[in-house]
>>> print(open('start.json').read())   # JSON, C-alpha atoms
[["chain", "number", "residue", "atom", "x", "y", "z"],
["A", 1, "MET", "CA", 0.00, 0.00, 0.00],
["A", 2, "ALA", "CA", 1.34, 3.43, -0.94],
["A", 3, "ALA", "CA", 2.15, 5.76, 1.90],
["A", 4, "SER", "CA", -0.44, 8.45, 2.41],
["A", 5, "LYS", "CA", 0.59, 11.98, 1.55],
["A", 6, "LYS", "CA", 1.21, 14.22, 4.51],
["A", 7, "LYS", "CA", -0.99, 17.29, 4.38],
["A", 8, "LEU", "CA", 1.07, 20.46, 4.45],
["A", 9, "PRO", "CA", 0.10, 23.20, 6.88],
["A", 10, "ALA", "CA", -1.71, 26.19, 5.38],
["A", 11, "ALA", "CA", 0.53, 29.12, 4.47],
["A", 12, "ARG", "CA", 0.12, 32.08, 6.82],
["A", 13, "PHE", "CA", -0.60, 35.67, 5.82],
["A", 14, "GLU", "CA", 2.01, 36.97, 8.23],
["A", 15, "ASP", "CA", 4.72, 35.01, 6.40],
["A", 16, "ALA", "CA", 3.95, 36.58, 3.01],
["A", 17, "PRO", "CA", 6.62, 39.08, 1.90],
["A", 18, "PRO", "CA", 5.43, 42.68, 1.51],
["A", 19, "LEU", "CA", 5.53, 44.53, -1.80],
["A", 20, "SER", "CA", 8.24, 47.16, -2.13],
["A", 21, "SER", "CA", 8.45, 50.29, -4.27],
["A", 22, "LYS", "CA", 11.54, 48.68, -5.87],
["A", 23, "ASP", "CA", 9.39, 45.84, -7.26],
["A", 24, "PHE", "CA", 7.85, 48.13, -9.86],
["A", 25, "LEU", "CA", 11.28, 49.14, -11.16],
["A", 26, "ALA", "CA", 11.68, 45.62, -12.56],
["A", 27, "PHE", "CA", 9.42, 46.79, -15.39],
["A", 28, "GLU", "CA", 11.20, 49.91, -16.56],
["A", 29, "LYS", "CA", 10.84, 49.86, -20.31],
["A", 30, "HIS", "CA", 14.54, 49.39, -21.07],
["A", 31, "LYS", "CA", 14.45, 46.14, -19.05],
["A", 32, "TRP", "CA", 11.54, 44.47, -20.86],
["A", 33, "SER", "CA", 13.66, 42.53, -23.37],
["A", 34, "ASP", "CA", 16.97, 42.49, -21.52],
["A", 35, "PRO", "CA", 17.97, 38.97, -20.39],
["A", 36, "GLU", "CA", 20.42, 40.58, -17.97],
["A", 37, "CYS", "CA", 17.36, 41.56, -15.93],
["A", 38, "ASN", "CA", 16.10, 37.98, -15.59],
["A", 39, "ALA", "CA", 17.55, 37.66, -12.09],
["A", 40, "GLU", "CA", 15.71, 40.78, -10.92],
["A", 41, "ARG", "CA", 12.46, 39.48, -12.35],
["A", 42, "LEU", "CA", 13.02, 36.02, -10.89],
["A", 43, "LEU", "CA", 13.25, 37.51, -7.40],
["A", 44, "LEU", "CA", 9.89, 39.20, -7.90],
["A", 45, "LYS", "CA", 8.39, 36.02, -9.38],
["A", 46, "ARG", "CA", 9.38, 34.14, -6.24],
["A", 47, "LYS", "CA", 7.96, 36.91, -4.07],
["A", 48, "LEU", "CA", 4.66, 36.68, -5.94],
["A", 49, "ALA", "CA", 4.58, 32.91, -5.40],
["A", 50, "ALA", "CA", 5.10, 33.50, -1.67],
["A", 51, "ILE", "CA", 2.34, 36.13, -1.64],
["A", 52, "GLY", "CA", 0.03, 33.73, -3.47],
["A", 53, "ALA", "CA", 0.60, 30.82, -1.08],
["A", 54, "PRO", "CA", -1.57, 32.05, 1.83],
["A", 55, "ILE", "CA", -4.19, 33.34, -0.60],
["A", 56, "HIS", "CA", -4.31, 29.86, -2.13],
["A", 57, "SER", "CA", -4.72, 28.30, 1.32],
["A", 58, "HIS", "CA", -7.55, 30.72, 2.10],
["A", 59, "LEU", "CA", -9.38, 29.95, -1.15],
["A", 60, "ALA", "CA", -8.90, 26.21, -0.66],
["A", 61, "ALA", "CA", -10.46, 26.53, 2.80],
["A", 62, "GLN", "CA", -13.53, 27.97, 1.04],
["A", 63, "GLY", "CA", -13.69, 24.84, -1.13],
["A", 64, "ALA", "CA", -12.07, 26.28, -4.28],
["A", 65, "ASP", "CA", -10.22, 23.71, -6.43],
["A", 66, "LEU", "CA", -7.59, 26.05, -7.87],
["A", 67, "THR", "CA", -3.91, 25.83, -8.74],
["A", 68, "LEU", "CA", -1.44, 28.63, -7.98],
["A", 69, "ARG", "CA", 0.71, 29.69, -10.93],
["A", 70, "THR", "CA", 3.11, 32.53, -11.75],
["A", 71, "SER", "CA", 3.83, 34.00, -15.17],
["A", 72, "ILE", "CA", 7.09, 33.67, -17.12],
["A", 73, "HIS", "CA", 9.89, 36.02, -16.06],
["A", 74, "ASN", "CA", 12.30, 35.71, -18.99],
["A", 75, "PRO", "CA", 11.74, 37.22, -22.46],
["A", 76, "PHE", "CA", 11.50, 34.82, -25.38],
["A", 77, "LYS", "CA", 9.33, 34.12, -28.42],
["A", 78, "PHE", "CA", 6.29, 33.00, -26.40],
["A", 79, "ASN", "CA", 5.86, 36.43, -24.74],
["A", 80, "GLY", "CA", 6.95, 38.56, -27.68],
["A", 81, "ASN", "CA", 10.49, 38.76, -26.28],
["A", 82, "ARG", "CA", 9.46, 41.14, -23.54],
["A", 83, "VAL", "CA", 8.29, 41.02, -19.93],
["A", 84, "ASP", "CA", 6.41, 44.18, -18.99],
["A", 85, "SER", "CA", 4.58, 42.62, -16.01],
["A", 86, "LEU", "CA", 4.53, 39.54, -13.81],
["A", 87, "TRP", "CA", 1.51, 37.95, -12.20],
["A", 88, "LEU", "CA", 0.40, 35.30, -9.82],
["A", 89, "TYR", "CA", -2.84, 33.63, -10.74],
["A", 90, "PHE", "CA", -5.24, 30.94, -9.64],
["A", 91, "ALA", "CA", -6.38, 28.62, -12.42],
["A", 92, "PRO", "CA", -8.68, 25.58, -12.51],
["A", 93, "SER", "CA", -6.93, 22.46, -11.23],
["A", 94, "ASP", "CA", -6.11, 19.56, -13.55],
["A", 95, "ALA", "CA", -9.06, 17.65, -12.09],
["A", 96, "ALA", "CA", -11.39, 20.59, -12.79],
["A", 97, "LYS", "CA", -10.13, 20.86, -16.39],
["A", 98, "LYS", "CA", -10.43, 17.13, -17.17],
["A", 99, "PRO", "CA", -14.15, 17.12, -18.16],
["A", 100, "LEU", "CA", -13.47, 19.91, -20.65],
["A", 101, "ARG", "CA", -10.46, 18.07, -22.05],
["A", 102, "ASP", "CA", -12.57, 14.95, -22.44],
["A", 103, "LEU", "CA", -15.32, 16.90, -24.20],
["A", 104, "LEU", "CA", -13.14, 18.84, -26.63],
["A", 105, "GLY", "CA", -10.58, 16.12, -27.32],
["A", 106, "VAL", "CA", -6.97, 16.25, -28.47],
["A", 107, "GLU", "CA", -7.69, 18.80, -31.22],
["A", 108, "PHE", "CA", -8.10, 21.48, -28.54],
["A", 109, "GLU", "CA", -5.44, 20.19, -26.16],
["A", 110, "SER", "CA", -3.34, 23.37, -26.43],
["A", 111, "ASP", "CA", -6.36, 25.43, -25.36],
["A", 112, "THR", "CA", -7.42, 23.28, -22.44],
["A", 113, "ASP", "CA", -3.98, 22.45, -21.00],
["A", 114, "ALA", "CA", -2.50, 25.93, -20.64],
["A", 115, "SER", "CA", -3.58, 27.37, -17.28],
["A", 116, "TYR", "CA", -3.60, 31.01, -18.40],
["A", 117, "VAL", "CA", -6.27, 30.49, -21.09],
["A", 118, "HIS", "CA", -9.02, 29.75, -18.57],
["A", 119, "ALA", "CA", -10.94, 31.87, -16.07],
["A", 120, "ASN", "CA", -8.30, 32.99, -13.56],
["A", 121, "LEU", "CA", -8.04, 35.10, -10.43],
["A", 122, "VAL", "CA", -5.02, 37.31, -11.08],
["A", 123, "LEU", "CA", -2.72, 39.72, -9.25],
["A", 124, "GLU", "CA", -0.42, 41.48, -11.72],
["A", 125, "VAL", "CA", 2.50, 43.82, -11.01],
["A", 126, "ASP", "CA", 3.76, 46.23, -13.68],
["A", 127, "PHE", "CA", 5.64, 49.55, -13.73],
["A", 128, "HIS", "CA", 2.51, 51.53, -12.85],
["A", 129, "GLY", "CA", 1.24, 49.45, -9.94],
["A", 130, "VAL", "CA", -0.98, 46.42, -9.32],
["A", 131, "ASN", "CA", -3.88, 45.13, -11.40],
["A", 132, "MET", "CA", -6.08, 42.42, -10.00],
["A", 133, "GLY", "CA", -9.34, 40.52, -10.23],
["A", 134, "LEU", "CA", -10.99, 37.91, -12.46],
["A", 135, "ARG", "CA", -9.70, 37.55, -16.00],
["A", 136, "VAL", "CA", -11.29, 35.19, -18.54],
["A", 137, "HIS", "CA", -8.91, 34.73, -21.46],
["A", 138, "GLU", "CA", -10.26, 35.32, -24.96],
["A", 139, "ARG", "CA", -9.31, 31.73, -25.87],
["A", 140, "ALA", "CA", -11.59, 30.41, -23.08],
["A", 141, "TRP", "CA", -14.45, 30.27, -25.57],
["A", 142, "TRP", "CA", -16.41, 27.71, -23.54],
["A", 143, "ASP", "CA", -16.58, 29.88, -20.39],
["A", 144, "VAL", "CA", -17.47, 33.10, -22.20],
["A", 145, "ALA", "CA", -20.01, 31.40, -24.47],
["A", 146, "ASN", "CA", -21.57, 29.64, -21.48],
["A", 147, "ALA", "CA", -21.93, 32.96, -19.61],
["A", 148, "LYS", "CA", -23.31, 34.73, -22.67],
["A", 149, "ARG", "CA", -25.96, 32.05, -23.18],
["A", 150, "ARG", "CA", -26.97, 32.14, -19.49],
["A", 151, "CYS", "CA", -27.32, 35.94, -19.64],
["A", 152, "GLY", "CA", -29.49, 35.72, -22.75],
["A", 153, "GLU", "CA", -32.47, 35.37, -20.40],
["A", 154, "ARG", "CA", -33.40, 37.78, -17.63],
["A", 155, "ALA", "CA", -33.16, 35.21, -14.84],
["A", 156, "GLY", "CA", -29.57, 34.38, -15.73],
["A", 157, "ALA", "CA", -28.59, 38.03, -16.09],
["A", 158, "GLU", "CA", -30.16, 38.88, -12.74],
["A", 159, "GLU", "CA", -28.29, 36.05, -11.03],
["A", 160, "PHE", "CA", -24.95, 37.05, -12.55],
["A", 161, "ALA", "CA", -25.53, 40.71, -11.62],
["A", 162, "ARG", "CA", -26.34, 39.72, -8.03],
["A", 163, "ARG", "CA", -23.15, 37.72, -7.70],
["A", 164, "LEU", "CA", -21.04, 40.45, -9.26],
["A", 165, "ASN", "CA", -22.59, 43.02, -6.93],
["A", 166, "GLU", "CA", -21.46, 40.97, -3.93],
["A", 167, "VAL", "CA", -17.78, 41.13, -4.94],
["A", 168, "ARG", "CA", -15.87, 43.14, -2.34],
["A", 169, "GLY", "CA", -13.16, 45.71, -3.00],
["A", 170, "GLY", "CA", -14.40, 48.12, -5.67],
["A", 171, "TYR", "CA", -14.08, 46.09, -8.88],
["A", 172, "SER", "CA", -15.66, 46.77, -12.27],
["A", 173, "LEU", "CA", -16.83, 44.51, -15.09],
["A", 174, "ARG", "CA", -14.98, 45.33, -18.30],
["A", 175, "LEU", "CA", -14.84, 43.96, -21.84],
["A", 176, "HIS", "CA", -11.40, 43.31, -23.31],
["A", 177, "ASP", "CA", -9.54, 46.66, -23.57],
["A", 178, "TRP", "CA", -12.68, 48.78, -23.94],
["A", 179, "LYS", "CA", -12.99, 51.82, -21.69],
["A", 180, "GLN", "CA", -16.55, 51.32, -20.46],
["A", 181, "GLU", "CA", -16.84, 49.91, -16.95],
["A", 182, "TYR", "CA", -19.79, 48.47, -15.03],
["A", 183, "ARG", "CA", -19.09, 48.92, -11.34],
["A", 184, "CYS", "CA", -19.78, 45.95, -9.08],
["A", 185, "GLY", "CA", -22.33, 46.94, -6.47],
["A", 186, "ALA", "CA", -24.42, 48.89, -8.97],
["A", 187, "LEU", "CA", -24.90, 46.40, -11.80],
["A", 188, "LYS", "CA", -28.40, 45.79, -13.17],
["A", 189, "TRP", "CA", -29.49, 42.82, -15.22],
["A", 190, "ASP", "CA", -29.90, 44.89, -18.39],
["A", 191, "ASP", "CA", -26.28, 46.09, -18.05],
["A", 192, "LEU", "CA", -25.32, 42.48, -18.70],
["A", 193, "LEU", "CA", -27.60, 42.28, -21.70],
["A", 194, "GLY", "CA", -25.70, 45.24, -23.15],
["A", 195, "TYR", "CA", -22.34, 43.79, -22.18],
["A", 196, "PHE", "CA", -22.95, 40.44, -23.85],
["A", 197, "ARG", "CA", -24.45, 42.09, -26.92],
["A", 198, "TYR", "CA", -20.88, 43.11, -27.81],
["A", 199, "CYS", "CA", -18.93, 40.31, -26.13],
["A", 200, "GLU", "CA", -17.83, 37.75, -28.72],
["A", 201, "PRO", "CA", -16.59, 34.39, -27.38],
["A", 202, "GLY", "CA", -13.18, 33.55, -28.81],
["A", 203, "GLN", "CA", -12.42, 37.22, -29.48],
["A", 204, "HIS", "CA", -12.96, 39.20, -26.29],
["A", 205, "ARG", "CA", -11.47, 38.90, -22.83],
["A", 206, "MET", "CA", -13.81, 39.24, -19.85],
["A", 207, "LEU", "CA", -12.52, 41.15, -16.81],
["A", 208, "VAL", "CA", -13.76, 42.00, -13.35],
["A", 209, "TRP", "CA", -10.87, 44.25, -12.55],
["A", 210, "LYS", "CA", -9.31, 47.09, -10.59],
["A", 211, "SER", "CA", -5.94, 48.85, -10.57],
["A", 212, "LEU", "CA", -3.95, 50.36, -7.71],
["A", 213, "LYS", "CA", -1.19, 52.84, -8.56],
["A", 214, "LYS", "CA", 2.28, 52.10, -7.23],
["A", 215, "ASP", "CA", 2.10, 54.97, -4.73],
["A", 216, "ASP", "CA", -1.17, 53.71, -3.22],
["A", 217, "PRO", "CA", -0.49, 53.11, 0.49],
["A", 218, "ARG", "CA", -2.82, 50.10, 0.50],
["A", 219, "LEU", "CA", -0.19, 48.11, -1.43],
["A", 220, "PHE", "CA", 2.26, 48.41, 1.46],
["A", 221, "ASP", "CA", -0.18, 47.85, 4.29],
["A", 222, "PRO", "CA", 0.75, 44.78, 6.40],
["A", 223, "GLY", "CA", -2.75, 43.43, 5.83],
["A", 224, "PHE", "CA", -2.68, 43.75, 2.05],
["A", 225, "VAL", "CA", -2.30, 40.02, 1.30],
["A", 226, "ALA", "CA", -5.14, 39.11, 3.68],
["A", 227, "THR", "CA", -7.29, 41.78, 2.02],
["A", 228, "VAL", "CA", -6.59, 40.31, -1.42],
["A", 229, "ALA", "CA", -7.51, 36.86, -0.10],
["A", 230, "ASP", "CA", -10.81, 38.17, 1.26],
["A", 231, "GLU", "CA", -11.63, 39.94, -2.00],
["A", 232, "PHE", "CA", -10.70, 36.91, -4.11],
["A", 233, "ALA", "CA", -12.86, 34.72, -1.87],
["A", 234, "SER", "CA", -15.80, 37.02, -2.66],
["A", 235, "PHE", "CA", -15.21, 36.20, -6.34],
["A", 236, "LEU", "CA", -15.80, 32.47, -5.85],
["A", 237, "PRO", "CA", -19.61, 32.58, -6.38],
["A", 238, "VAL", "CA", -18.96, 34.52, -9.63],
["A", 239, "TYR", "CA", -16.27, 32.02, -10.60],
["A", 240, "ASP", "CA", -18.54, 29.04, -9.97],
["A", 241, "TRP", "CA", -21.36, 30.64, -11.97],
["A", 242, "LEU", "CA", -19.05, 31.43, -14.88],
["A", 243, "LEU", "CA", -16.85, 28.36, -15.17],
["A", 244, "TRP", "CA", -18.04, 25.71, -17.61],
["A", 245, "SER", "CA", -18.50, 22.26, -16.11],
["A", 246, "PRO", "CA", -20.74, 19.29, -16.87],
["A", 247, "GLN", "CA", -23.03, 20.57, -14.10],
["A", 248, "ASN", "CA", -22.90, 24.16, -15.44],
["A", 249, "ASN", "CA", -23.40, 23.44, -19.11],
["A", 250, "HIS", "CA", -25.60, 25.82, -21.12],
["A", 251, "LEU", "CA", -23.97, 25.51, -24.54],
["A", 252, "LEU", "CA", -25.99, 24.44, -27.55],
["A", 253, "GLY", "CA", -25.27, 20.92, -28.69],
["A", 254, "SER", "CA", -23.20, 20.02, -25.61],
["A", 255, "ARG", "CA", -25.84, 18.27, -23.54]]
>>> encode(input="start.json", output="structure tokens")
Amino acid sequence: MAASKKKLPAARFEDAPPLSSKDFLAFEKHKWSDPECNAERLLLKRKLAAIGAPIHSHLAAQGADLTLRTSIHNPFKFNGNRVDSLWLYFAPSDAAKKPLRDLLGVEFESDTDASYVHANLVLEVDFHGVNMGLRVHERAWWDVANAKRRCGERAGAEEFARRLNEVRGGYSLRLHDWKQEYRCGALKWDDLLGYFRYCEPGQHRMLVWKSLKKDDPRLFDPGFVATVADEFASFLPVYDWLLWSPQNNHLLGSR
């Protein structure tokens, strides 16, 4: 009989390293494509992983089946030979992605395997500050199409609006890189009808997002990581509503 795996203790908020004003300097424009700056970026990547660890433990305690990832710190062909930001993110676990893999098959393996092309909770650091929230990649067609179909009827749009309005921390629903924002806390069901009228699955990224400038004192508050964890936990009902699964399947021809 195989030995049982020992459960690791949950990471603690007080052990998470604080952000520093120097962290943002890793993304000065002249450094974006310079491999000599890889070591500087790697230090920040490791810091982000350490920041993400207690957030991951907190989300897992709420029942979320997510995997902690960090983005690539060295410039090469995959990222356009530049690194202008780094991020920690929480993606669906391999077990959560398996039903989608089984449904779509090997032809879409590159879409289903890569963690960043799903619905993710993200904390991103760039030269200007921190961006954070829920990001649904434009290649996550199944999640966006599922949400669009659910919001095609008033009941679905009302439910999604209610869940978005319960997100804590001052986030806004946005479409791709468009300027219009729908502030969480004030969303109405017909706002979502308008939003999905223009949202095209496979083309547009969905965001529930906010940005904090690098001089914002909240970034350096000792309780910042715990605050992020609390805000990300408030996203979980939105995440569950949005994420495609065999139990949350509203796509034509997929039942």
>>> closest_atom_pairs(input="start.json", of="segment 10-92 of chain A", to="segment 131-143 of chain A", cutoff="12 Å", atoms="only C-alpha atoms", output="Markdown table")
| residue | atom | partner | partner_atom | distance |
| --- | --- | --- | --- | --- |
| A:Ser85 | CA | A:Asn131 | CA | 10.0 |
| A:Leu86 | CA | A:Asn131 | CA | 10.4 |
| A:Trp87 | CA | A:Asn131 | CA | 9.0 |
| A:Leu88 | CA | A:Met132 | CA | 9.6 |
| A:Tyr89 | CA | A:Leu134 | CA | 9.4 |
| A:Phe90 | CA | A:Leu134 | CA | 9.5 |
| A:Ala91 | CA | A:Arg135 | CA | 10.2 |
| A:Pro92 | CA | A:Val136 | CA | 11.6 |
>>> residues_near_point(input="start.json", point="(-18.7, 41.8, -16.4)", cutoff="6 Å", atoms="all atoms listed in the file", output="PyMOL selection string")
chain A and resi 173-174+208
>>> closest_atom_pairs(input="start.json", of="segment 127-237 of chain A", to="segment 34-52 of chain A", cutoff="12 Å", atoms="all atoms listed in the file", output="CSV")
residue,atom,partner,partner_atom,distance
A:Val130,CA,A:Leu48,CA,11.8
A:Pro222,CA,A:Ile51,CA,11.9
A:Gly223,CA,A:Ile51,CA,11.6
A:Phe224,CA,A:Ile51,CA,9.8
A:Val225,CA,A:Ile51,CA,6.7
A:Ala226,CA,A:Ile51,CA,9.7
A:Thr227,CA,A:Ile51,CA,11.7
A:Val228,CA,A:Gly52,CA,9.6
A:Ala229,CA,A:Gly52,CA,8.8
A:Phe232,CA,A:Gly52,CA,11.2
>>> residues_around(input="start.json", residues="Asp215 of chain A", least_positions_apart="6", cutoff="12 Å", atoms="all atoms listed in the file", output="MDAnalysis selection string")
chainID A and resid 19:24 127:130 221
>>> write_last_selection(input="start.json", atoms="C-alpha atoms", output="PDB file, in the frame of the given file")
ATOM      1  CA  LEU A  19       5.530  44.530  -1.800  1.00  0.00           C
ATOM      2  CA  SER A  20       8.240  47.160  -2.130  1.00  0.00           C
ATOM      3  CA  SER A  21       8.450  50.290  -4.270  1.00  0.00           C
ATOM      4  CA  LYS A  22      11.540  48.680  -5.870  1.00  0.00           C
ATOM      5  CA  ASP A  23       9.390  45.840  -7.260  1.00  0.00           C
ATOM      6  CA  PHE A  24       7.850  48.130  -9.860  1.00  0.00           C
ATOM      7  CA  PHE A 127       5.640  49.550 -13.730  1.00  0.00           C
ATOM      8  CA  HIS A 128       2.510  51.530 -12.850  1.00  0.00           C
ATOM      9  CA  GLY A 129       1.240  49.450  -9.940  1.00  0.00           C
ATOM     10  CA  VAL A 130      -0.980  46.420  -9.320  1.00  0.00           C
ATOM     11  CA  ASP A 221      -0.180  47.850   4.290  1.00  0.00           C
TER      12      ASP A 221
END
>>> atom_distance(input="start.json", atom1="atom CA of Arg163 of chain A", atom2="atom CA of Leu207 of chain A")
14.4 Å
>>> closest_residue(input="start.json", among="A:Trp178, A:Tyr198, A:Phe13, A:Trp241", to="Ala119 of chain A", atoms="only C-alpha atoms")
A:Trp241
>>> closest_residue(input="start.json", among="A:Pro9, A:Asn248, A:Arg162, A:Phe196", to="Ala61 of chain A", atoms="all atoms listed in the file")
A:Pro9
>>> closest_residue(input="start.json", among="A:Phe76, A:Tyr239, A:Tyr171, A:Trp244", to="Arg149 of chain A", atoms="only C-alpha atoms")
A:Trp244
>>> atom_distance(input="start.json", atom1="atom CA of Asp216 of chain A", atom2="atom CA of Glu181 of chain A")
21.2 Å
>>> atom_distance(input="start.json", atom1="atom CA of Arg183 of chain A", atom2="atom CA of Arg218 of chain A")
20.2 Å
>>> closest_residue(input="start.json", among="A:Leu212, A:Val122, A:Ala95, A:Ala53", to="Ser245 of chain A", atoms="all atoms listed in the file")
A:Ala95
>>> closest_residue(input="start.json", among="A:Arg12, A:Lys31, A:Arg82, A:Lys148", to="Gly194 of chain A", atoms="only C-alpha atoms")
A:Lys148
